>>> print(open('final_12.cif').read())   # mmCIF, N, CA and C atoms
data_coords
#
loop_
_atom_site.label_atom_id
_atom_site.label_comp_id
_atom_site.auth_asym_id
_atom_site.auth_seq_id
_atom_site.Cartn_x
_atom_site.Cartn_y
_atom_site.Cartn_z
N MET A 556 -39.98 119.81 296.23
CA MET A 556 -39.32 120.41 295.07
C MET A 556 -38.53 119.32 294.34
N ASN A 557 -38.62 119.37 293.04
CA ASN A 557 -37.88 118.43 292.20
C ASN A 557 -36.45 118.90 291.93
N TYR A 558 -36.28 120.21 291.86
CA TYR A 558 -34.98 120.78 291.56
C TYR A 558 -34.48 121.58 292.74
N ASN A 559 -33.18 121.58 292.91
CA ASN A 559 -32.54 122.36 293.96
C ASN A 559 -32.35 123.78 293.42
N MET A 560 -33.34 124.62 293.64
CA MET A 560 -33.29 125.99 293.13
C MET A 560 -32.40 126.85 294.01
N ASP A 561 -31.86 127.87 293.39
CA ASP A 561 -31.03 128.83 294.10
C ASP A 561 -31.80 129.38 295.31
N GLN A 562 -31.16 129.38 296.46
CA GLN A 562 -31.83 129.81 297.69
C GLN A 562 -32.29 131.27 297.60
N LYS A 563 -31.50 132.13 296.95
CA LYS A 563 -31.90 133.54 296.81
C LYS A 563 -33.20 133.65 296.01
N PHE A 564 -33.32 132.82 294.98
CA PHE A 564 -34.54 132.80 294.17
C PHE A 564 -35.72 132.38 295.02
N LYS A 565 -35.56 131.29 295.77
CA LYS A 565 -36.64 130.79 296.62
C LYS A 565 -36.99 131.80 297.71
N ASP A 566 -35.98 132.43 298.31
CA ASP A 566 -36.24 133.41 299.35
C ASP A 566 -36.98 134.63 298.80
N TYR A 567 -36.61 135.05 297.61
CA TYR A 567 -37.22 136.23 297.01
C TYR A 567 -38.70 135.99 296.69
N PHE A 568 -39.00 134.86 296.08
CA PHE A 568 -40.37 134.59 295.66
C PHE A 568 -41.19 133.86 296.72
N GLY A 569 -40.53 133.02 297.52
CA GLY A 569 -41.28 132.25 298.52
C GLY A 569 -42.40 131.49 297.85
N THR A 570 -43.63 131.80 298.23
CA THR A 570 -44.80 131.21 297.56
C THR A 570 -45.57 132.29 296.81
N ASN A 571 -44.87 133.36 296.41
CA ASN A 571 -45.52 134.49 295.76
C ASN A 571 -45.26 134.56 294.26
N LEU A 572 -44.68 133.53 293.68
CA LEU A 572 -44.50 133.50 292.24
C LEU A 572 -45.88 133.39 291.60
N ARG A 573 -46.17 134.19 290.60
CA ARG A 573 -47.50 134.17 290.00
C ARG A 573 -47.52 133.68 288.56
N GLN A 574 -46.49 134.01 287.79
CA GLN A 574 -46.51 133.70 286.37
C GLN A 574 -45.14 133.20 285.93
N VAL A 575 -45.15 132.16 285.09
CA VAL A 575 -43.91 131.64 284.54
C VAL A 575 -44.06 131.47 283.03
N PHE A 576 -42.94 131.63 282.34
CA PHE A 576 -42.86 131.43 280.90
C PHE A 576 -41.92 130.26 280.66
N LEU A 577 -42.39 129.24 279.98
CA LEU A 577 -41.58 128.05 279.75
C LEU A 577 -41.31 127.89 278.26
N TYR A 578 -40.03 127.95 277.91
CA TYR A 578 -39.61 127.73 276.53
C TYR A 578 -39.49 126.24 276.31
N LEU A 579 -40.33 125.70 275.45
CA LEU A 579 -40.40 124.25 275.25
C LEU A 579 -39.45 123.74 274.18
N ILE A 580 -39.25 124.51 273.12
CA ILE A 580 -38.59 123.99 271.93
C ILE A 580 -37.89 125.12 271.19
N ASP A 581 -36.72 124.83 270.64
CA ASP A 581 -36.01 125.82 269.84
C ASP A 581 -36.49 125.84 268.40
N ASP A 582 -37.03 124.73 267.92
CA ASP A 582 -37.41 124.61 266.51
C ASP A 582 -38.61 125.49 266.19
N CYS A 583 -38.67 125.92 264.93
CA CYS A 583 -39.78 126.72 264.44
C CYS A 583 -40.03 126.35 262.98
N ASN A 584 -41.26 126.51 262.56
CA ASN A 584 -41.61 126.20 261.18
C ASN A 584 -41.51 127.43 260.27
N LEU A 585 -41.07 128.54 260.79
CA LEU A 585 -40.78 129.74 260.01
C LEU A 585 -39.33 130.14 260.25
N ARG A 586 -38.81 130.99 259.41
CA ARG A 586 -37.45 131.49 259.58
C ARG A 586 -37.47 133.02 259.46
N CYS A 587 -38.15 133.66 260.36
CA CYS A 587 -38.27 135.12 260.34
C CYS A 587 -36.90 135.75 260.58
N VAL A 588 -36.57 136.77 259.80
CA VAL A 588 -35.23 137.35 259.86
C VAL A 588 -34.92 137.99 261.20
N GLN A 589 -35.93 138.51 261.90
CA GLN A 589 -35.68 139.20 263.16
C GLN A 589 -35.62 138.26 264.36
N CYS A 590 -36.00 137.01 264.17
CA CYS A 590 -36.13 136.09 265.30
C CYS A 590 -34.78 135.48 265.69
N LEU A 591 -34.63 135.23 266.97
CA LEU A 591 -33.39 134.62 267.44
C LEU A 591 -33.40 133.10 267.31
N TYR A 592 -34.52 132.50 266.93
CA TYR A 592 -34.58 131.06 266.72
C TYR A 592 -34.29 130.74 265.27
N LYS A 593 -33.03 130.73 264.92
CA LYS A 593 -32.61 130.42 263.57
C LYS A 593 -31.74 129.18 263.59
N LEU A 594 -31.63 128.53 262.46
CA LEU A 594 -30.84 127.31 262.39
C LEU A 594 -29.39 127.52 262.83
N ASP A 595 -28.82 128.68 262.50
CA ASP A 595 -27.41 128.92 262.82
C ASP A 595 -27.21 129.48 264.22
N ILE A 596 -28.29 129.79 264.92
CA ILE A 596 -28.19 130.29 266.29
C ILE A 596 -29.06 129.39 267.16
N CYS A 597 -28.45 128.72 268.10
CA CYS A 597 -29.28 127.93 269.01
C CYS A 597 -28.64 127.94 270.38
N PHE A 598 -29.47 127.81 271.38
CA PHE A 598 -29.00 127.87 272.76
C PHE A 598 -28.58 126.51 273.28
N GLN A 599 -29.19 125.48 272.78
CA GLN A 599 -28.86 124.13 273.20
C GLN A 599 -28.41 123.36 271.97
N ILE A 600 -27.12 123.13 271.86
CA ILE A 600 -26.57 122.49 270.67
C ILE A 600 -27.13 121.09 270.48
N GLU A 601 -27.17 120.29 271.55
CA GLU A 601 -27.62 118.91 271.41
C GLU A 601 -29.12 118.74 271.63
N LYS A 602 -29.68 119.48 272.53
CA LYS A 602 -31.09 119.34 272.84
C LYS A 602 -31.85 120.51 272.22
N LYS A 603 -32.82 120.18 271.42
CA LYS A 603 -33.62 121.21 270.77
C LYS A 603 -34.94 121.47 271.50
N GLU A 604 -35.25 120.61 272.47
CA GLU A 604 -36.47 120.80 273.24
C GLU A 604 -36.29 120.25 274.64
N ILE A 605 -37.14 120.71 275.52
CA ILE A 605 -37.08 120.25 276.91
C ILE A 605 -37.77 118.89 277.00
N ALA A 606 -37.19 117.99 277.74
CA ALA A 606 -37.81 116.69 277.95
C ALA A 606 -39.12 116.88 278.71
N PHE A 607 -40.13 116.10 278.35
CA PHE A 607 -41.44 116.21 278.99
C PHE A 607 -41.34 116.07 280.50
N GLU A 608 -40.56 115.11 280.96
CA GLU A 608 -40.41 114.87 282.39
C GLU A 608 -39.81 116.10 283.09
N ASP A 609 -38.84 116.75 282.45
CA ASP A 609 -38.24 117.97 283.02
C ASP A 609 -39.24 119.12 283.04
N ALA A 610 -40.03 119.23 281.97
CA ALA A 610 -41.04 120.29 281.91
C ALA A 610 -42.05 120.11 283.05
N VAL A 611 -42.48 118.88 283.29
CA VAL A 611 -43.43 118.61 284.37
C VAL A 611 -42.81 118.94 285.72
N LYS A 612 -41.57 118.56 285.93
CA LYS A 612 -40.91 118.87 287.20
C LYS A 612 -40.81 120.38 287.41
N LEU A 613 -40.46 121.11 286.36
CA LEU A 613 -40.34 122.57 286.48
C LEU A 613 -41.68 123.22 286.79
N ILE A 614 -42.72 122.85 286.03
CA ILE A 614 -44.00 123.51 286.30
C ILE A 614 -44.57 123.09 287.65
N SER A 615 -44.21 121.90 288.10
CA SER A 615 -44.62 121.46 289.45
C SER A 615 -43.93 122.31 290.51
N ASP A 616 -42.63 122.50 290.36
CA ASP A 616 -41.88 123.31 291.32
C ASP A 616 -42.39 124.75 291.34
N PHE A 617 -42.62 125.31 290.15
CA PHE A 617 -43.09 126.69 290.10
C PHE A 617 -44.52 126.81 290.65
N ARG A 618 -45.33 125.80 290.45
CA ARG A 618 -46.68 125.80 291.03
C ARG A 618 -46.60 125.77 292.55
N GLU A 619 -45.66 124.96 293.06
CA GLU A 619 -45.45 124.89 294.51
C GLU A 619 -45.04 126.25 295.07
N MET A 620 -44.38 127.05 294.24
CA MET A 620 -43.96 128.39 294.66
C MET A 620 -45.05 129.43 294.43
N GLY A 621 -46.22 129.00 293.98
CA GLY A 621 -47.35 129.91 293.88
C GLY A 621 -47.79 130.26 292.47
N ALA A 622 -47.07 129.84 291.45
CA ALA A 622 -47.43 130.21 290.08
C ALA A 622 -48.83 129.70 289.73
N VAL A 623 -49.63 130.57 289.13
CA VAL A 623 -50.97 130.20 288.70
C VAL A 623 -51.18 130.46 287.21
N LYS A 624 -50.25 131.17 286.60
CA LYS A 624 -50.34 131.47 285.17
C LYS A 624 -49.09 130.92 284.48
N LEU A 625 -49.31 130.16 283.41
CA LEU A 625 -48.22 129.51 282.67
C LEU A 625 -48.31 129.89 281.21
N THR A 626 -47.21 130.36 280.65
CA THR A 626 -47.13 130.64 279.23
C THR A 626 -46.16 129.67 278.59
N LEU A 627 -46.63 128.96 277.57
CA LEU A 627 -45.81 127.99 276.84
C LEU A 627 -45.33 128.64 275.56
N MET A 628 -44.01 128.63 275.39
CA MET A 628 -43.40 129.35 274.27
C MET A 628 -42.38 128.47 273.58
N GLY A 629 -41.77 129.03 272.56
CA GLY A 629 -40.68 128.33 271.89
C GLY A 629 -39.91 129.30 271.04
N GLY A 630 -39.29 128.70 270.17
CA GLY A 630 -39.48 128.63 268.77
C GLY A 630 -40.98 128.58 268.55
N GLU A 631 -41.47 127.47 268.07
CA GLU A 631 -42.92 127.30 267.84
C GLU A 631 -43.41 126.15 268.72
N PRO A 632 -44.13 126.48 269.81
CA PRO A 632 -44.52 125.47 270.78
C PRO A 632 -45.45 124.38 270.25
N THR A 633 -46.17 124.64 269.16
CA THR A 633 -47.05 123.59 268.63
C THR A 633 -46.25 122.46 267.98
N LEU A 634 -44.94 122.65 267.78
CA LEU A 634 -44.08 121.59 267.26
C LEU A 634 -43.62 120.64 268.37
N TYR A 635 -43.86 121.02 269.61
CA TYR A 635 -43.47 120.21 270.77
C TYR A 635 -44.43 119.03 270.87
N LYS A 636 -43.93 117.84 270.61
CA LYS A 636 -44.80 116.66 270.51
C LYS A 636 -45.66 116.39 271.75
N PRO A 637 -45.11 116.51 272.98
CA PRO A 637 -45.98 116.26 274.15
C PRO A 637 -46.74 117.49 274.64
N LEU A 638 -46.97 118.46 273.75
CA LEU A 638 -47.66 119.70 274.14
C LEU A 638 -49.01 119.44 274.81
N LEU A 639 -49.83 118.60 274.22
CA LEU A 639 -51.16 118.35 274.76
C LEU A 639 -51.10 117.71 276.14
N LYS A 640 -50.17 116.79 276.31
CA LYS A 640 -49.99 116.15 277.63
C LYS A 640 -49.56 117.19 278.67
N LEU A 641 -48.71 118.13 278.25
CA LEU A 641 -48.21 119.14 279.19
C LEU A 641 -49.33 120.12 279.58
N ILE A 642 -50.15 120.49 278.63
CA ILE A 642 -51.29 121.37 278.95
C ILE A 642 -52.20 120.69 279.97
N LYS A 643 -52.52 119.43 279.72
CA LYS A 643 -53.38 118.67 280.64
C LYS A 643 -52.74 118.58 282.02
N LYS A 644 -51.45 118.28 282.06
CA LYS A 644 -50.75 118.15 283.34
C LYS A 644 -50.75 119.48 284.10
N ALA A 645 -50.55 120.57 283.39
CA ALA A 645 -50.54 121.88 284.03
C ALA A 645 -51.90 122.18 284.67
N LYS A 646 -52.97 121.83 283.98
CA LYS A 646 -54.30 122.04 284.56
C LYS A 646 -54.48 121.15 285.79
N GLU A 647 -54.00 119.90 285.71
CA GLU A 647 -54.09 118.99 286.85
C GLU A 647 -53.32 119.52 288.05
N LEU A 648 -52.22 120.21 287.81
CA LEU A 648 -51.41 120.77 288.89
C LEU A 648 -52.05 122.01 289.50
N GLY A 649 -53.07 122.55 288.84
CA GLY A 649 -53.77 123.69 289.40
C GLY A 649 -53.48 125.03 288.75
N TYR A 650 -52.82 125.04 287.61
CA TYR A 650 -52.63 126.30 286.92
C TYR A 650 -53.99 126.83 286.49
N GLU A 651 -54.26 128.09 286.82
CA GLU A 651 -55.55 128.70 286.53
C GLU A 651 -55.63 129.28 285.13
N HIS A 652 -54.50 129.66 284.59
CA HIS A 652 -54.48 130.32 283.28
C HIS A 652 -53.28 129.80 282.49
N ILE A 653 -53.55 129.17 281.37
CA ILE A 653 -52.48 128.65 280.53
C ILE A 653 -52.59 129.30 279.15
N ARG A 654 -51.48 129.87 278.74
CA ARG A 654 -51.43 130.58 277.46
C ARG A 654 -50.36 129.95 276.59
N ILE A 655 -50.57 130.01 275.29
CA ILE A 655 -49.55 129.57 274.35
C ILE A 655 -49.25 130.75 273.42
N ASP A 656 -47.97 130.97 273.16
CA ASP A 656 -47.53 131.98 272.19
C ASP A 656 -47.12 131.25 270.93
N THR A 657 -47.82 131.50 269.82
CA THR A 657 -47.61 130.76 268.59
C THR A 657 -47.55 131.70 267.39
N ASN A 658 -46.96 131.20 266.31
CA ASN A 658 -46.99 131.97 265.06
C ASN A 658 -48.26 131.67 264.27
N GLY A 659 -49.06 130.72 264.75
CA GLY A 659 -50.33 130.40 264.13
C GLY A 659 -50.24 129.47 262.93
N GLN A 660 -49.03 129.04 262.60
CA GLN A 660 -48.83 128.17 261.44
C GLN A 660 -48.80 126.71 261.88
N PHE A 661 -49.94 126.23 262.36
CA PHE A 661 -50.03 124.84 262.80
C PHE A 661 -51.26 124.20 262.19
N ASN A 662 -51.31 122.88 262.22
CA ASN A 662 -52.43 122.14 261.68
C ASN A 662 -53.69 122.49 262.46
N SER A 663 -54.73 122.92 261.77
CA SER A 663 -55.96 123.37 262.43
C SER A 663 -56.65 122.25 263.21
N LYS A 664 -56.30 121.00 262.95
CA LYS A 664 -56.88 119.89 263.71
C LYS A 664 -56.52 119.97 265.19
N LEU A 665 -55.42 120.66 265.48
CA LEU A 665 -55.01 120.85 266.87
C LEU A 665 -56.11 121.58 267.65
N LEU A 666 -56.83 122.46 266.99
CA LEU A 666 -57.91 123.22 267.64
C LEU A 666 -59.05 122.32 268.12
N GLU A 667 -59.15 121.13 267.58
CA GLU A 667 -60.21 120.20 267.94
C GLU A 667 -59.84 119.32 269.14
N GLU A 668 -58.58 119.32 269.52
CA GLU A 668 -58.11 118.46 270.60
C GLU A 668 -58.61 118.96 271.96
N THR A 669 -59.09 118.04 272.78
CA THR A 669 -59.62 118.37 274.10
C THR A 669 -58.62 119.15 274.93
N GLU A 670 -57.37 118.70 274.94
CA GLU A 670 -56.34 119.36 275.76
C GLU A 670 -56.04 120.76 275.24
N PHE A 671 -56.06 120.95 273.93
CA PHE A 671 -55.80 122.28 273.37
C PHE A 671 -56.91 123.24 273.77
N LYS A 672 -58.12 122.73 273.89
CA LYS A 672 -59.25 123.55 274.31
C LYS A 672 -59.14 123.95 275.79
N MET A 673 -58.24 123.31 276.54
CA MET A 673 -58.01 123.67 277.93
C MET A 673 -57.24 124.98 278.06
N LEU A 674 -56.63 125.42 276.96
CA LEU A 674 -55.90 126.68 276.98
C LEU A 674 -56.86 127.82 277.28
N ASP A 675 -56.39 128.77 278.07
CA ASP A 675 -57.19 129.94 278.40
C ASP A 675 -56.94 131.09 277.44
N GLU A 676 -55.80 131.03 276.76
CA GLU A 676 -55.43 132.14 275.87
C GLU A 676 -54.45 131.63 274.82
N ILE A 677 -54.63 132.12 273.62
CA ILE A 677 -53.69 131.85 272.53
C ILE A 677 -53.25 133.20 271.98
N THR A 678 -51.96 133.45 271.99
CA THR A 678 -51.45 134.71 271.43
C THR A 678 -50.69 134.39 270.16
N PHE A 679 -50.82 135.28 269.19
CA PHE A 679 -50.21 135.09 267.88
C PHE A 679 -49.21 136.18 267.60
N SER A 680 -48.08 135.78 267.05
CA SER A 680 -47.08 136.72 266.59
C SER A 680 -47.57 137.32 265.27
N ILE A 681 -47.38 138.60 265.09
CA ILE A 681 -47.76 139.23 263.82
C ILE A 681 -46.52 139.79 263.10
N ASP A 682 -45.37 139.25 263.45
CA ASP A 682 -44.13 139.66 262.80
C ASP A 682 -44.12 139.16 261.36
N ARG A 683 -43.35 139.84 260.55
CA ARG A 683 -43.16 139.41 259.16
C ARG A 683 -42.09 138.35 259.10
N THR A 684 -42.14 137.54 258.05
CA THR A 684 -41.12 136.50 257.88
C THR A 684 -39.93 137.00 257.05
N ASP A 685 -40.00 138.22 256.55
CA ASP A 685 -38.87 138.76 255.78
C ASP A 685 -38.64 140.22 256.21
N SER A 686 -37.64 140.85 255.61
CA SER A 686 -37.26 142.19 256.04
C SER A 686 -37.67 143.28 255.06
N ARG A 687 -38.59 142.98 254.16
CA ARG A 687 -39.04 144.00 253.20
C ARG A 687 -39.69 145.17 253.91
N ASN A 688 -39.36 146.36 253.48
CA ASN A 688 -39.98 147.56 254.05
C ASN A 688 -41.26 147.86 253.29
N GLN A 689 -42.32 148.05 254.02
CA GLN A 689 -43.61 148.44 253.40
C GLN A 689 -44.33 149.39 254.29
#
>>> encode(input="final_12.cif", output="structure tokens")
Amino acid sequence: MNYNMDQKFKDYFGTNLRQVFLYLIDDCNLRCVQCLYKLDICFQIEKKEIAFEDAVKLISDFREMGAVKLTLMGGEPTLYKPLLKLIKKAKELGYEHIRIDTNGQFNSKLLEETEFKMLDEITFSIDRTDSRNQ
């Protein structure tokens, strides 16, 4: 284990953890009114994204605890610069199913990348970017 996890957490899950959700980045390329990822609201004042090395350590630890499904989230995870490296690393660690939750507003060239094609699932938000009633 890379991190000293709470013993109650380790005892509860043992090696039976199956799915983890990893928030990679607070930044987003949209400013939807209902979303909690806004410029004036942030959870990490100084750090807007998780360091790649920390992300690898976390997914390694969770894989050791049995996780086989990984969901990469954010703000907008496609803005996370080492995203492709992290997807590749997760597959190397043995994750069987890797999903990304995105707003879909990313450069379509990303779809051509070998590592992006390693994703098993892509989910898209269908929320509106404004509060108009229709």
>>> closest_atom_pairs(input="final_12.cif", of="range 594-689 of chain A", to="range 564-569 of chain A", cutoff="7 Å", atoms="all atoms listed in the file", output="tab-separated table")
residue	atom	partner	partner_atom	distance
A:Glu619	C	A:Gly569	C	6.5
A:Met620	CA	A:Gly569	C	4.7
A:Gly621	N	A:Gly569	C	6.0
>>> resolve_selection(input="final_12.cif", expression="the PyMOL selection byres (((chain A and resi 643-652 and name CA) around 12) and name CA)", output="ChimeraX atom specification")
/A:573-577,607-608,610-627,637-642,653-655,668-677
>>> atom_distance(input="final_12.cif", atom1="CA of Asn559 in chain A", atom2="CA of Asp656 in chain A")
28.1 Å
>>> closest_residue(input="final_12.cif", among="A:Ile605, A:Gln660, A:Asn571, A:Gln562", to="Asn584 in chain A", atoms="only N, CA and C atoms")
A:Gln660
>>> atom_distance(input="final_12.cif", atom1="CA of Ser680 in chain A", atom2="CA of Cys587 in chain A")
10.9 Å
>>> select_by_dssp(input="final_12.cif", residues="chain A", states="alpha helix (DSSP H)", output="MDAnalysis selection string")
chainID A and resid 562:568 607:619 638:648
>>> resolve_selection(input="final_12.cif", expression="the PyMOL selection byres ((chain A and resi 658) around 8)", output="list in words")
Gly630, Glu631, Pro632, Thr633, Ile655, Asp656, Thr657, Gly659, Gln660, Phe661, Thr678, Phe679, Ser680, Ile681 and Asp682 of chain A
>>> select_by_dssp(input="final_12.cif", residues="range 618-682 of chain A", states="strand (DSSP E or B)", output="list of chain:residue names")
A:Lys624, A:Leu625, A:Thr626, A:Leu627, A:Met628, A:Gly629, A:His652, A:Ile653, A:Arg654, A:Ile655, A:Asp656, A:Thr657, A:Glu676, A:Ile677, A:Thr678, A:Phe679
>>> atom_distance(input="final_12.cif", atom1="CA of Tyr578 in chain A", atom2="atom C of Gly629 in chain A")
5.7 Å
